[in-house]
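**Q** Here it is, the structure, as structure tokens.
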Amino acid sequence: MKKFTKTHEWVEVEGKIATIGITEHAAEELGDVTFVELPEEGKEVKKGEALCAVESVKSASDVYSPVSGKVIEVNTELDASPEIINEDAEGKGWIVKLELSDESELDGLLTEEEYKNSL
Amino acid sequence: MKLIFEKSKEGRTAFSLPKLDVPEMKIEIEDELLRKEAPNLPQVNELEVVRHYNELERKNHSVDSGFYPLGSCTMKYNPMLNEEMANLFNYIHPYLEEEHVQGALELMYNLQNYLGEITGMDAVTLQPAAGAHGELTGMLIVRKYIEDNGFTNKTKVILPDSAHGTNPASAKMAGFDVVEVKSGADGRVDLEEFKKVMDDTVAAIMLTNPNTLGLFEKDILEIARLAHEHNALLYYDGANLNAIMGKVRPGDMGFDIVHLNLHKTFSTPHGMGGPGSGPVGVKAKLKDYLPKPIVDINEEGKYFFNYDIPKSCGRLRTFYGNFSVMVRAYTYILMMGKEGLKFASEMAVLNANYLRKRLEKEFDIAYDEVCKHEFVIDGSFLKEYGVKTLDFAKRLLDYGIHPPTIYFPLIVHEAMMIEPTETESKEELDNFVEVMHKILEEAKTDPEILKEAPRNTPVRRLNETIANKQLKLRG
């Protein structure tokens with residue numbers, strides 16, 4: 001089940017692995033994405049810290065990590081085709097996979113319904 | 001339209017040299033320095049050159065060809081007299097001896113003083129080549145100031161979330177960490193939020209006043225007091241000085257450093273790559289950190305380049321800055337005079353408010369109150385008709401109007417930032433209002449027209465993703 005943040009990221013957890021991206025709403029607001037600055041694999045991030053940056057024709061925005069953990073995989077397809085984020089933000093447009101360090105952090109995140117209501 | 005290279009015909013030139021009537025000389029040049037083949041220049045005659053550039057000019061939109069309300073950028077009319085004056089200096093060279101260019105030096109010396117007087121600063125450098133370069137200069141001065149005073153714990157620069165994007169970039173480039181402070185409900189710096197981040201580790205606060213929403217930062221004196229209490233410097237991004245010129249001075253508001261964009265406030269051309277000019281002024285306590293040289297006058301009344309600034313932050317540009325731009329700004333200041341500059345600001349503010357009032361019924365104005373020289377429309381309401389600010393802006397092109405700045409400032413969704421400038425007539429402003437209403441009507445009845453816009457321009461809508469990703473900088 002996906003969880004969401006007020007800063008427009010989504011996270012989906014399978015076991016200890018969290019897949020993270022930006023929400024469809026965020027992609028829509030950003031407009032055409034032109035560049036995704038992917039983090040290094042192995043990078044440690046804390047919840048709420050800048051994980052990477054997404055640049056669109058309108059602006060450059062930080063993506064904040066919804067949870068703490070270590071980057072174990074990045075979506076390298078975004079290097080050549082950042083537009084995947086506009087086409088399928090909450091699916092093929094995932095940005096990183098993290099190895100979770102504290103599962104309890106998920107509890108503080110929004111459900112899909114709560115997120116939609118917050119828009 | 002063909003590129004000028006495509007018009008090239010082998011052997012064709014736009015000039016002919018007279019026959020050699022002196023003995024031919026051989027000059028010894030090292031072989032490795034000699035060009036092996038002729039440079040790849042277009043081979044065209046003079047008329048072809050003239051027609052080519054005339055055609056390019058006709059395809060372009062400029063403030064000389066139509067209304068250009070590009071907020072934040074201030075597409076101010078550039079008086080023809082400026083050009084005439086700049087041409088007077090066509091034949092001087094930066095390597096000339098000081099005694100041979102006393103007039104040029106006098107002009108620079110006076111301009112330093114005039115800009116100091118207008119901004120309330122004690123010393124000014126004309127060296128930076130553009131506004132953002134001025135920002136970097138200012139931040140390097142901040143760095144010198146903290147080094148010189150031993151404020152080693154000062155690592156941060158505070159700026160509001162409505163700041164120009166160049167501000168955080170300049171601070172970062174000078175090695176500072178950037179701290180963003182949120183705007184309050186009135187679109188201005190939230191004093192309580194500001195207090196939370198203001199401490200002894202702050203080196204400087206960068207502000208634009210009026211800010212990018214066209215609103216005056218009313219708490220500026222309190223912000224200055226708090227900054228100085230913590231030995232932090234207050235930096236004025238002069239992008240919007242054109243709204244308050246002659247009315248109130250950044251120096252009197254408590255600012256310590258000011259950069260100016262001569263093209264925004266003092267009617268020099270928008271270079272779009274140069275040449276620009278971004279002079280920086282400082283309070284007396286910072287003048288020892290200015291880039292060198294600055295122009296000075298000695299006891300005999302002779303002007304000279306003063307390199308004797310031991311604590312200088314260094315040289316920021318070759319030679320002395322973009323001199324021809326300085327001539328234009330100097331001309332503008334002298335032609336306008338003290339009262340004229342004040343009047344220009346008043347008219348800029350009046351024109352913006354006239355448009356704001358005439359548009360506020362049909363359009364959603366962000367922070368709708370008396371503004372300074374610009375205001376921002378929140379285009380979110382257009383969603384209901386299935387169009388975005390971008391589509392609306394593109395459609396303006398079909399009516400011969402350059403679109404306003406869009407999607408800036410970032411704190412307004414679907415922002416459309418309108419700045420008419422002082423030189424537009426009431427008829428021109430009324431025409432803009434009429435066009436805005438016409439396009440809104442189109443959005444309601446036939447939104448496809450907006451989505452397909454522009455139709456009447458030399459090129460149709462560009463693919464912005466490709467334009468961003470695959471920059472094509474050569475012909």
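Please note that chains go A, B, ... in the order of the structure tokens, that every chain numbers its residues from 1, and that ligands are numbered from 1 in the order shown.
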Find the residues of chain B that sit at most 8 Å from chain A; for each, write down the nearest two atoms and how far apart they are in Å, to one decimal. Count only C-alpha atoms. Sort by chain, then by number going up, and give it as a Markdown table.
**A**
```
| residue | atom | partner | partner_atom | distance |
| --- | --- | --- | --- | --- |
| B:Tyr407 | CA | A:Lys58 | CA | 6.0 |
| B:Leu410 | CA | A:Ser59 | CA | 8.0 |
| B:Glu464 | CA | A:Val57 | CA | 6.5 |
| B:Thr465 | CA | A:Thr34 | CA | 5.5 |
| B:Ile466 | CA | A:Thr34 | CA | 8.0 |
| B:Asn468 | CA | A:Thr34 | CA | 6.5 |
| B:Lys469 | CA | A:Thr34 | CA | 6.2 |
```
**Q** Go through stretch 9-114 of chain A and collect every residue that DSSP, computed from the backbone, puts in helix (DSSP H, G or I); the answer should be as a list of chain:residue names.
**A**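 Taking stretch 9-114 of chain A and keeping helix (DSSP H, G or I) only, one gets A:Glu24, A:His25, A:Ala26, A:Ala27, A:Glu28, A:Glu29, A:Leu30, A:Glu77, A:Leu78, A:Asp79, A:Ala80, A:Ile84, A:Ile85, A:Asn86, A:Glu87, A:Glu103, A:Ser104, A:Glu105, A:Leu106, A:Asp107, A:Gly108, A:Glu112, A:Glu113, A:Glu114.
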**Q** Any chance you could export the current selection's C-alpha atoms as a PDB file, in the first residue's frame?
**A**
```
ATOM      1  CA  GLU A  24       0.940  12.407  -9.927  1.00  0.00           C
ATOM      2  CA  HIS A  25      -0.239  15.720  -8.548  1.00  0.00           C
ATOM      3  CA  ALA A  26       3.385  16.865  -8.115  1.00  0.00           C
ATOM      4  CA  ALA A  27       4.255  15.793 -11.664  1.00  0.00           C
ATOM      5  CA  GLU A  28       1.237  17.650 -12.994  1.00  0.00           C
ATOM      6  CA  GLU A  29       2.192  20.800 -11.067  1.00  0.00           C
ATOM      7  CA  LEU A  30       5.824  20.650 -12.167  1.00  0.00           C
ATOM      8  CA  GLU A  77      15.946   5.090 -17.049  1.00  0.00           C
ATOM      9  CA  LEU A  78      15.091   8.566 -15.866  1.00  0.00           C
ATOM     10  CA  ASP A  79      18.512   9.787 -17.065  1.00  0.00           C
ATOM     11  CA  ALA A  80      17.558   9.354 -20.687  1.00  0.00           C
ATOM     12  CA  ILE A  84       8.452   8.873 -17.635  1.00  0.00           C
ATOM     13  CA  ILE A  85       7.664  10.834 -14.481  1.00  0.00           C
ATOM     14  CA  ASN A  86       4.970  12.777 -16.328  1.00  0.00           C
ATOM     15  CA  GLU A  87       3.598   9.634 -17.959  1.00  0.00           C
ATOM     16  CA  GLU A 103       9.732   0.954   9.707  1.00  0.00           C
ATOM     17  CA  SER A 104       7.852   2.852  12.377  1.00  0.00           C
ATOM     18  CA  GLU A 105       8.428   6.059  10.390  1.00  0.00           C
ATOM     19  CA  LEU A 106       5.770   4.870   7.967  1.00  0.00           C
ATOM     20  CA  ASP A 107       3.099   5.389  10.598  1.00  0.00           C
ATOM     21  CA  GLY A 108       3.440   9.158  10.431  1.00  0.00           C
ATOM     22  CA  GLU A 112      -3.882   8.049  -0.238  1.00  0.00           C
ATOM     23  CA  GLU A 113      -7.197   9.423   0.922  1.00  0.00           C
ATOM     24  CA  GLU A 114      -5.622  11.756   3.458  1.00  0.00           C
TER      25      GLU A 114
END
```
**Q** Extract, using only C-alpha atoms, all DNA, RNA and protein residues at most 12 Å from stretch 375-378 of chain B, discarding same-chain residues fewer than 6 positions from it, and format them as a PyMOL selection string.
**A** chain B and resi 69-72+162+187+210-216+243+348-357+359-369+388-390+392-393+404-421+436
**Q** Quick one: residues within 8 Å of A:Phe4, only C-alpha atoms counted, chain neighbours fewer than 6 positions away excluded, as a list in words?
**A**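 In the requested form, the answer reads Trp10, Val11, Pro66, Leu109, Leu110, Thr111, Glu112 and Tyr115 of chain A.
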**Q** Between atom CA of B:Thr457 and atom CA of B:Lys59, what is the distance, to one decimal in Å?
**A** 8.0 Å
**Q** May I have all residues of chain A that DSSP, computed from the backbone, assigns to strand (DSSP E), given as an NGL selection string?
**A** :A and (2-4 or 9-14 or 17-22 or 33-37 or 44-45 or 50-56 or 60-64 or 69-74 or 96-100)
**Q** Could you list, as a PyMOL selection string, every residue within 7 Å of A:Gly69, counting only C-alpha atoms and ignoring same-chain residues fewer than 3 positions away?
**A** chain A and resi 44-46+98-101
**Q** So that I can see what lies close to B:Glu428, please list as a PyMOL selection string the residues with an atom at most 12 Å from it, counting only C-alpha atoms and leaving out residues fewer than 3 positions away in the same chain.
**A** chain B and resi 66-69+351+354-355+400-401+420-425+431-435
**Q** List the spatial neighbours of stretch 30-45 of chain B as a list in words - criterion: any atom at most 10 Å away, only C-alpha atoms, same-chain residues fewer than 5 positions off excluded.
**A** Leu3, Ile4, Phe5, Glu6, Lys7, Ser8, Lys9, Glu10, Gly11, Arg12, Thr13, Ala14, Phe15 and Val50 of chain B
**Q** Please report the interatomic distance between atom CA of B:Asp219 and atom CA of B:Gly254 in Å with one decimal.
**A**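 So the two atoms, atom CA of B:Asp219 and atom CA of B:Gly254, lie 11.3 Å apart.
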**Q** Can you work out the spacing between atom CA of B:Ala284 and atom CA of B:Tyr236 in Å, to one decimal?
**A**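 Here the two named atoms are 15.6 Å from each other.
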